[in-house]
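J.: What follows is the file query_31.txt, containing compact mmCIF, C-alpha atoms:
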# COMPACT_ATOMS: atom_id res chain seq x y z
CA ALA B 136 133.20 77.55 98.51
CA GLY B 137 129.85 76.56 97.13
CA LEU B 138 128.46 79.92 98.21
CA ILE B 139 130.54 81.77 95.59
CA THR B 140 128.64 81.70 92.32
CA GLU B 141 129.08 83.63 89.14
CA PRO B 142 126.42 86.34 88.89
CA PRO B 143 124.22 86.25 85.79
CA THR B 144 125.36 88.28 82.81
CA PHE B 145 122.18 90.36 82.90
CA TYR B 146 122.82 91.20 86.57
CA ASN B 147 126.37 92.28 85.75
CA ALA B 148 125.13 94.46 82.90
CA ILE B 149 122.53 96.15 85.10
CA GLY B 150 125.18 96.77 87.78
CA ILE B 151 127.62 98.34 85.33
CA VAL B 152 124.89 100.53 83.80
CA THR B 153 123.80 101.71 87.26
CA ILE B 154 127.34 102.54 88.38
CA SER B 155 128.01 104.29 85.09
CA TRP B 156 124.92 106.44 85.63
CA TRP B 157 126.07 107.43 89.13
CA THR B 158 129.45 108.32 87.67
CA VAL B 159 127.95 110.51 84.96
CA GLU B 160 125.61 112.09 87.49
CA ILE B 161 128.59 113.46 89.43
CA CYS B 162 129.48 115.56 86.40
CA LEU B 163 125.85 116.63 85.90
CA ASN B 164 125.50 117.71 89.52
CA PHE B 165 128.06 120.47 88.99
CA GLY B 166 125.51 122.27 86.85
CA ARG B 167 122.38 121.43 88.84
CA GLY B 168 120.56 124.55 89.97
CA HIS B 169 119.38 125.19 93.50
CA LEU B 170 117.25 127.71 95.33
CA ARG B 171 119.03 130.41 97.34
CA ASN B 172 116.98 133.03 99.12
CA GLY B 173 114.02 132.16 96.92
CA ILE B 174 116.01 132.67 93.70
CA LEU B 175 116.96 129.83 91.37
CA GLU B 176 120.75 129.78 91.06
CA MET B 177 121.91 128.44 87.68
CA ARG B 178 125.37 129.98 87.29
CA LEU B 179 127.85 127.14 86.76
CA LYS B 180 130.43 128.59 89.13
CA GLU B 181 127.95 128.91 91.98
CA THR B 182 126.28 125.54 91.40
CA ALA B 183 129.69 123.84 91.29
CA LYS B 184 130.70 125.47 94.59
CA ALA B 185 127.43 124.40 96.20
CA TYR B 186 127.87 120.79 95.03
CA LEU B 187 131.49 120.67 96.22
CA ARG B 188 130.40 121.86 99.66
CA SER B 189 127.52 119.37 99.93
CA TRP B 190 127.40 115.88 98.39
CA PHE B 191 130.44 115.76 96.12
CA VAL B 192 132.73 113.90 98.54
CA VAL B 193 130.06 111.35 99.46
CA ASP B 194 129.08 110.75 95.82
CA LEU B 195 132.70 110.36 94.77
CA LEU B 196 133.46 107.86 97.54
CA LEU B 197 130.35 105.81 96.76
CA VAL B 198 131.16 105.67 93.06
CA ILE B 199 134.73 104.61 93.83
CA LEU B 200 133.40 101.88 96.15
CA ASP B 201 131.03 100.68 93.42
CA TRP B 202 133.86 100.31 90.94
CA VAL B 203 136.03 98.67 93.61
CA THR B 204 133.36 96.02 94.24
CA ILE B 205 133.29 95.20 90.54
CA PHE B 206 137.08 95.01 90.55
CA LEU B 207 137.00 92.65 93.55
CA ALA B 208 134.47 90.45 91.79
CA GLU B 209 136.85 90.15 88.85
CA LEU B 210 139.71 89.30 91.21
CA MET B 211 137.69 86.40 92.62
CA SER B 212 137.77 84.74 89.22
CA ILE B 213 141.56 85.21 89.02
CA PHE B 214 142.57 84.05 92.49
CA GLY B 215 141.55 80.81 94.15
CA MET B 216 138.37 80.09 96.07
CA ALA B 217 140.01 80.66 99.47
CA ARG B 218 141.01 84.19 98.59
CA GLY B 219 137.74 84.63 96.75
CA ILE B 220 135.77 84.12 99.96
CA LYS B 221 137.76 86.87 101.69
CA LEU B 222 137.30 89.22 98.75
CA LEU B 223 133.57 88.44 98.69
CA ARG B 224 133.23 89.37 102.36
CA ILE B 225 135.11 92.64 101.80
CA SER B 226 132.94 93.39 98.77
CA ARG B 227 129.73 92.83 100.74
CA MET B 228 130.90 95.10 103.58
CA LEU B 229 131.74 97.84 101.10
CA ARG B 230 128.33 97.55 99.45
CA LEU B 231 126.66 98.33 102.77
CA LEU B 232 128.04 101.85 102.44
CA ARG B 233 125.70 102.34 99.48
CA LEU B 234 122.98 102.96 102.06
CA LEU B 235 124.42 106.47 102.40
CA ARG B 236 122.67 107.26 99.12
CA LEU B 237 119.34 106.87 100.91
CA VAL B 238 120.25 109.84 103.11
CA ARG B 239 120.79 111.96 100.02
CA VAL B 240 117.58 110.75 98.37
CA PHE B 241 115.47 111.57 101.42
CA ALA B 242 117.26 114.90 101.86
CA GLN B 243 116.28 115.89 98.30
CA LEU B 244 112.62 114.99 98.71
CA PRO B 245 110.44 118.10 98.50
CA ALA B 246 108.73 119.31 101.63
CA ILE B 247 105.00 118.78 102.04
CA PRO B 248 103.18 121.87 100.77
CA ALA B 249 101.43 123.93 103.41
CA GLU B 250 98.15 123.49 101.53
CA LEU B 251 98.30 119.72 102.09
CA LEU B 252 99.30 119.82 105.75
CA GLY B 253 95.74 120.63 106.71
CA PHE B 254 94.56 117.32 105.24
CA ILE B 255 97.10 115.22 107.15
CA ASP B 256 96.02 113.90 110.52
CA LYS B 257 99.02 114.21 112.82
CA ASP B 258 97.65 111.67 115.30
CA THR B 259 97.02 109.10 112.58
CA VAL B 260 100.51 109.51 111.14
CA GLN B 261 102.11 109.31 114.58
CA ALA B 262 100.16 106.18 115.52
CA SER B 263 100.94 104.55 112.17
CA PHE B 264 104.66 105.23 112.51
CA THR B 265 104.67 103.97 116.09
CA VAL B 266 102.88 100.71 115.30
CA GLY B 267 104.88 100.24 112.09
CA GLY B 268 108.13 100.81 113.94
CA TRP B 269 107.31 98.18 116.54
CA VAL B 270 106.26 95.70 113.86
CA LEU B 271 109.55 96.23 112.03
CA ALA B 272 111.41 95.81 115.32
CA ILE B 273 109.63 92.48 115.90
CA LEU B 274 110.46 91.30 112.38
CA PHE B 275 114.09 92.35 112.73
CA LEU B 276 114.42 90.54 116.06
CA ASN B 277 112.84 87.43 114.57
CA HIS B 278 115.23 87.69 111.62
CA ILE B 279 118.25 87.72 113.96
CA ILE B 280 116.96 84.76 115.97
CA ALA B 281 116.10 82.85 112.78
CA CYS B 282 119.62 83.35 111.43
CA GLY B 283 121.05 82.07 114.73
CA TRP B 284 118.72 79.06 114.64
CA TYR B 285 119.79 78.15 111.11
CA GLY B 286 123.45 78.81 111.92
CA LEU B 287 123.28 76.49 114.93
CA GLY B 288 121.63 73.75 112.91
CA SER B 289 124.20 74.07 110.13
CA ALA B 290 127.30 74.26 112.37
CA LEU B 291 126.75 71.03 114.33
CA GLU B 292 127.92 67.89 112.53
CA SER B 293 128.45 65.28 115.25
CA VAL B 294 124.80 65.22 116.37
CA PRO B 295 121.46 65.24 114.53
CA THR B 296 120.14 68.74 113.79
CA TRP B 297 116.87 70.18 112.59
CA VAL B 298 118.57 71.16 109.33
CA GLN B 299 119.51 67.57 108.60
CA VAL B 300 116.05 66.27 109.51
CA GLY B 301 114.33 68.98 107.48
CA LYS B 302 116.60 68.30 104.52
CA GLU B 303 115.81 64.59 104.59
CA GLU B 304 112.05 65.21 104.79
CA TYR B 305 112.19 67.73 101.96
CA MET B 306 114.19 65.40 99.71
CA SER B 307 111.81 62.53 100.41
CA ASN B 308 108.89 64.64 99.19
CA ALA B 309 110.46 66.73 96.41
CA ASN B 310 113.39 64.50 95.34
CA GLU B 311 115.73 67.51 95.40
CA GLU B 312 117.80 69.40 97.94
CA PRO B 313 116.19 72.47 99.55
CA GLY B 314 117.74 75.84 98.88
CA PRO B 315 118.79 78.59 101.32
CA PHE B 316 115.44 80.36 100.88
CA TYR B 317 113.59 77.29 102.15
CA PHE B 318 115.77 77.06 105.25
CA TYR B 319 115.47 80.80 105.93
CA THR B 320 111.67 80.80 105.69
CA THR B 321 111.54 77.68 107.84
CA SER B 322 113.78 79.32 110.45
CA LEU B 323 111.70 82.49 110.39
CA HIS B 324 108.51 80.45 110.72
CA TRP B 325 109.98 78.61 113.71
CA THR B 326 111.00 81.90 115.33
CA LEU B 327 107.52 83.38 114.91
CA THR B 328 105.99 80.30 116.56
CA MET B 329 108.25 80.91 119.56
CA PHE B 330 106.78 84.41 119.93
CA THR B 331 103.17 83.38 119.37
CA PRO B 332 100.95 80.49 120.56
CA ALA B 333 101.49 78.53 117.34
CA SER B 334 103.26 75.32 116.38
CA MET B 335 105.13 73.78 113.48
CA GLU B 336 106.91 70.57 112.51
CA VAL B 337 110.45 71.82 113.29
CA VAL B 338 111.64 70.79 116.75
CA PRO B 339 115.07 70.67 118.48
CA GLU B 340 117.04 67.53 117.67
CA ASN B 341 119.93 67.87 120.16
CA PRO B 342 120.65 69.48 123.56
CA PHE B 343 122.23 72.58 122.00
CA GLU B 344 119.17 73.34 119.88
CA ARG B 345 116.91 72.70 122.88
CA ILE B 346 118.87 75.20 124.99
CA TYR B 347 118.60 77.74 122.16
CA CYS B 348 114.87 77.06 121.99
CA ILE B 349 114.45 77.60 125.75
CA LEU B 350 116.40 80.87 125.63
CA THR B 351 114.27 82.04 122.71
CA ILE B 352 111.04 81.29 124.59
CA LEU B 353 112.26 83.14 127.68
CA SER B 354 113.25 86.12 125.53
CA ALA B 355 109.89 86.02 123.79
CA ILE B 356 108.03 86.11 127.11
CA VAL B 357 109.77 89.36 128.05
CA LEU B 358 110.22 91.10 124.69
CA PHE B 359 107.02 90.19 122.89
CA SER B 360 104.86 91.24 125.83
CA SER B 361 106.67 94.59 125.81
CA PHE B 362 106.08 94.95 122.07
CA LEU B 363 102.38 94.17 122.44
CA SER B 364 101.95 96.56 125.37
CA SER B 365 103.65 99.35 123.41
CA ILE B 366 101.49 98.75 120.35
CA SER B 367 98.36 98.57 122.50
CA ALA B 368 99.31 101.82 124.23
CA ALA B 369 99.84 103.57 120.88
CA VAL B 370 96.47 102.36 119.55
CA ALA B 371 94.72 103.28 122.82
CA THR B 372 96.23 106.77 122.73
CA PHE B 373 95.09 107.22 119.14
CA ARG B 374 91.56 106.08 120.00
CA ARG B 375 91.41 108.39 123.02
CA LYS B 376 92.47 111.40 120.96
CA ARG B 377 90.00 110.45 118.22
CA GLU B 378 87.17 110.17 120.73
CA GLU B 379 88.17 113.53 122.22
CA GLN B 380 88.08 115.14 118.77
CA MET B 381 84.65 113.66 118.07
CA LYS B 382 83.37 114.91 121.43
CA ASN B 383 84.73 118.40 120.77
CA SER B 384 83.15 118.39 117.32
CA ALA B 385 79.79 117.36 118.78
CA ASP B 386 80.05 120.07 121.46
CA LEU B 387 80.84 122.66 118.79
CA ILE B 388 77.84 121.66 116.68
CA ARG B 389 75.58 121.78 119.72
CA TYR B 390 76.94 125.23 120.67
CA LEU B 391 76.34 126.56 117.15
CA GLN B 392 72.80 125.23 117.13
CA GLU B 393 71.93 126.57 120.59
CA ASN B 394 73.22 130.05 119.75
CA HIS B 395 71.49 130.11 116.33
CA VAL B 396 74.72 130.67 114.39
CA SER B 397 74.09 130.93 110.68
CA LEU B 398 74.79 127.89 108.55
CA LYS B 399 77.40 129.72 106.47
CA LEU B 400 79.33 131.03 109.47
CA GLY B 401 79.09 127.68 111.25
CA SER B 402 80.42 125.94 108.16
CA HIS B 403 83.37 128.35 108.00
CA ILE B 404 84.14 127.76 111.68
CA GLN B 405 84.08 123.96 111.33
CA THR B 406 86.17 124.08 108.17
CA PHE B 407 88.75 126.30 109.86
CA LEU B 408 89.02 124.03 112.90
CA GLN B 409 89.22 120.85 110.80
CA LYS B 410 91.96 122.41 108.66
CA HIS B 411 94.08 123.43 111.64
CA VAL B 412 93.37 120.49 113.95
CA THR B 413 96.63 118.89 112.83
CA GLN B 414 98.48 122.20 113.26
CA PRO B 415 97.52 123.39 116.77
CA SER B 416 100.45 125.81 116.83
CA GLN B 417 98.76 127.86 114.09
CA VAL B 418 95.51 128.29 116.08
CA HIS B 419 95.81 131.38 118.27
CA ARG B 420 93.77 131.68 121.39
CA ILE B 421 91.95 134.96 121.90
Represent the structure contained in this file as structure tokens.

T.:
Amino acid sequence: AGLITEPPTFYNAIGIVTISWWTVEICLNFGRGHLRNGILEMRLKETAKAYLRSWFVVDLLLVILDWVTIFLAELMSIFGMARGIKLLRISRMLRLLRLLRLVRVFAQLPAIPAELLGFIDKDTVQASFTVGGWVLAILFLNHIIACGWYGLGSALESVPTWVQVGKEEYMSNANEEPGPFYFYTTSLHWTLTMFTPASMEVVPENPFERIYCILTILSAIVLFSSFLSSISAAVATFRRKREEQMKNSADLIRYLQENHVSLKLGSHIQTFLQKHVTQPSQVHRI
């Protein structure tokens, strides 16, 4: 019951203003113009039809869910704490559906102009996304394990747990109880030490936590090595392609010099190849 707290007034005001804006935006979207066959369509009848066929249903459902969550929050103050916990869980599950707005936001982002595509290195972007994806996967896995570690330490009451020991040590130093953020960061720190050759002061305090620790180490041996090998392979592939590009560039310069190609023509050739190196499909072989 202690987890249910009254949100700050400022937070409530910001939430109501945001939901009100999304509600008003539904009406504005009926008159929002769009491109059709290269022509800007601004006729209200046509723009309304286009909006009804695209994002109207999703926007309407999301706005309704937003107002429902506010209504559920008000119900929590009317009913008791027991019912309030159930309503809070339902409200949180409904708020996850707000992520659908991200799909619409990304769908409305403008495409990269063709003039800028020549300055984007496809290999660099691909390697960055690959390494970034694996790093996010490692963090997400550590987040799940950290939540399980904290949940195990909080659920056991008949035996000593790392949560109890950590709480006592924290109170002896700070003279106050640690908050959820302290326990989460401590759990995440412990999880990262299981995946890396590091150490920290948190150790298992009972057989159940020790079994969880052993399972985490075994999982880390298999999963973390796979993550590292995948990241290493992505970086190695990027380096190999970069070295190949540098070798081709050096061969081209040597060819131009040996055949006494003029500086102006050679510059145009190098500029053309550098512009289309990230778009090999646009370079036609003769």

J.: Have a look at CA of Leu276 (chain B) and CA of Met329 (chain B) and let me know their distance in Å, one decimal.

T.: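 Taking CA of Leu276 (chain B) as the start and CA of Met329 (chain B) as the end point, the length is 12.0 Å.
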
J.: For CA of Ala371 (chain B) and CA of Lys257 (chain B), quote the distance in Å rounded to one decimal.

T.: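 Rounded to one decimal, the two atoms are 15.4 Å apart.
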
J.: To one decimal place, how far is CA of Glu344 (chain B) from CA of Leu291 (chain B) in Å?

T.: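 If I compute the distance from CA of Glu344 (chain B) to CA of Leu291 (chain B), I get 9.7 Å.
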
J.: Find the spatial neighbours of Arg171 (chain B), counting only C-alpha atoms, within a cut-off of 12 Å - ignore same-chain residues fewer than 6 positions away - and output them as an MDAnalysis selection string.

T.: chainID B and resid 177:178 181:182 185

J.: For a quick check of understanding, using only C-alpha atoms, which of B:Leu200, B:Leu353, B:Ala183, B:Ile366 has the smallest distance to Gly168 (chain B)?

T.: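 Ranking B:Leu200, B:Leu353, B:Ala183, B:Ile366 by distance to Gly168 (chain B), first place goes to B:Ala183.
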
J.: Can you pull out every residue within 12 Å of Tyr347 (chain B), counting all atoms listed in the file, but drop anything in the same chain fewer than 3 positions away, and send it as a tab-separated table (two decimals) with C-alpha atoms, in the frame of the given file?

T.:
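Wrote it out as result_31.tsv, contents follow:
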chain	number	residue	atom	x	y	z
B	280	ILE	CA	116.96	84.76	115.97
B	281	ALA	CA	116.10	82.85	112.78
B	283	GLY	CA	121.05	82.07	114.73
B	284	TRP	CA	118.72	79.06	114.64
B	285	TYR	CA	119.79	78.15	111.11
B	286	GLY	CA	123.45	78.81	111.92
B	287	LEU	CA	123.28	76.49	114.93
B	288	GLY	CA	121.63	73.75	112.91
B	326	THR	CA	111.00	81.90	115.33
B	329	MET	CA	108.25	80.91	119.56
B	338	VAL	CA	111.64	70.79	116.75
B	339	PRO	CA	115.07	70.67	118.48
B	340	GLU	CA	117.04	67.53	117.67
B	341	ASN	CA	119.93	67.87	120.16
B	342	PRO	CA	120.65	69.48	123.56
B	343	PHE	CA	122.23	72.58	122.00
B	344	GLU	CA	119.17	73.34	119.88
B	350	LEU	CA	116.40	80.87	125.63
B	351	THR	CA	114.27	82.04	122.71
B	352	ILE	CA	111.04	81.29	124.59
B	353	LEU	CA	112.26	83.14	127.68
B	354	SER	CA	113.25	86.12	125.53

J.: Nearest residue to Gly267 (chain B) out of B:Thr204, B:Ser365, B:Ser189, B:Thr328, using only C-alpha atoms?

T.: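 Of B:Thr204, B:Ser365, B:Ser189, B:Thr328, the one nearest Gly267 (chain B), counting only C-alpha atoms, is B:Ser365.
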
J.: In terms of the shortest atom-to-atom distance over only C-alpha atoms, which of B:Ala272, B:Cys348, B:Ala368, B:Ala262 is closest to Trp297 (chain B)?

T.: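 Selected residue with least distance to Trp297 (chain B): B:Cys348.
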
J.: Skipping near chain neighbours, those fewer than 3 positions away, what residues fall within 9 Å of Val198 (chain B) using all atoms listed in the file, listed as an NGL selection string?

T.: :B and (154-155 or 157-158 or 161 or 193-195 or 201-203)

J.: Near Phe362 (chain B), within 10 Å and counting all atoms listed in the file, which residues show up once chain neighbours fewer than 6 positions away are dropped, as a PyMOL selection string?

T.: chain B and resi 266+269-270+272-273+355+368

J.: Skip Leu323 (chain B) itself and residues of its chain fewer than 3 positions away, then list as number ranges by chain all residues within 7 Å of it, counting all atoms listed in the file.

T.: B: 277-278, 281, 319-320, 326-327

J.: Restricted to C-alpha atoms, what would the selected residues look like written as a PDB file, in the frame of the given file?

T.:
ATOM      1  CA  ASN B 277     112.840  87.430 114.570  1.00  0.00           C
ATOM      2  CA  HIS B 278     115.230  87.690 111.620  1.00  0.00           C
ATOM      3  CA  ALA B 281     116.100  82.850 112.780  1.00  0.00           C
ATOM      4  CA  TYR B 319     115.470  80.800 105.930  1.00  0.00           C
ATOM      5  CA  THR B 320     111.670  80.800 105.690  1.00  0.00           C
ATOM      6  CA  THR B 326     111.000  81.900 115.330  1.00  0.00           C
ATOM      7  CA  LEU B 327     107.520  83.380 114.910  1.00  0.00           C
TER       8      LEU B 327
END
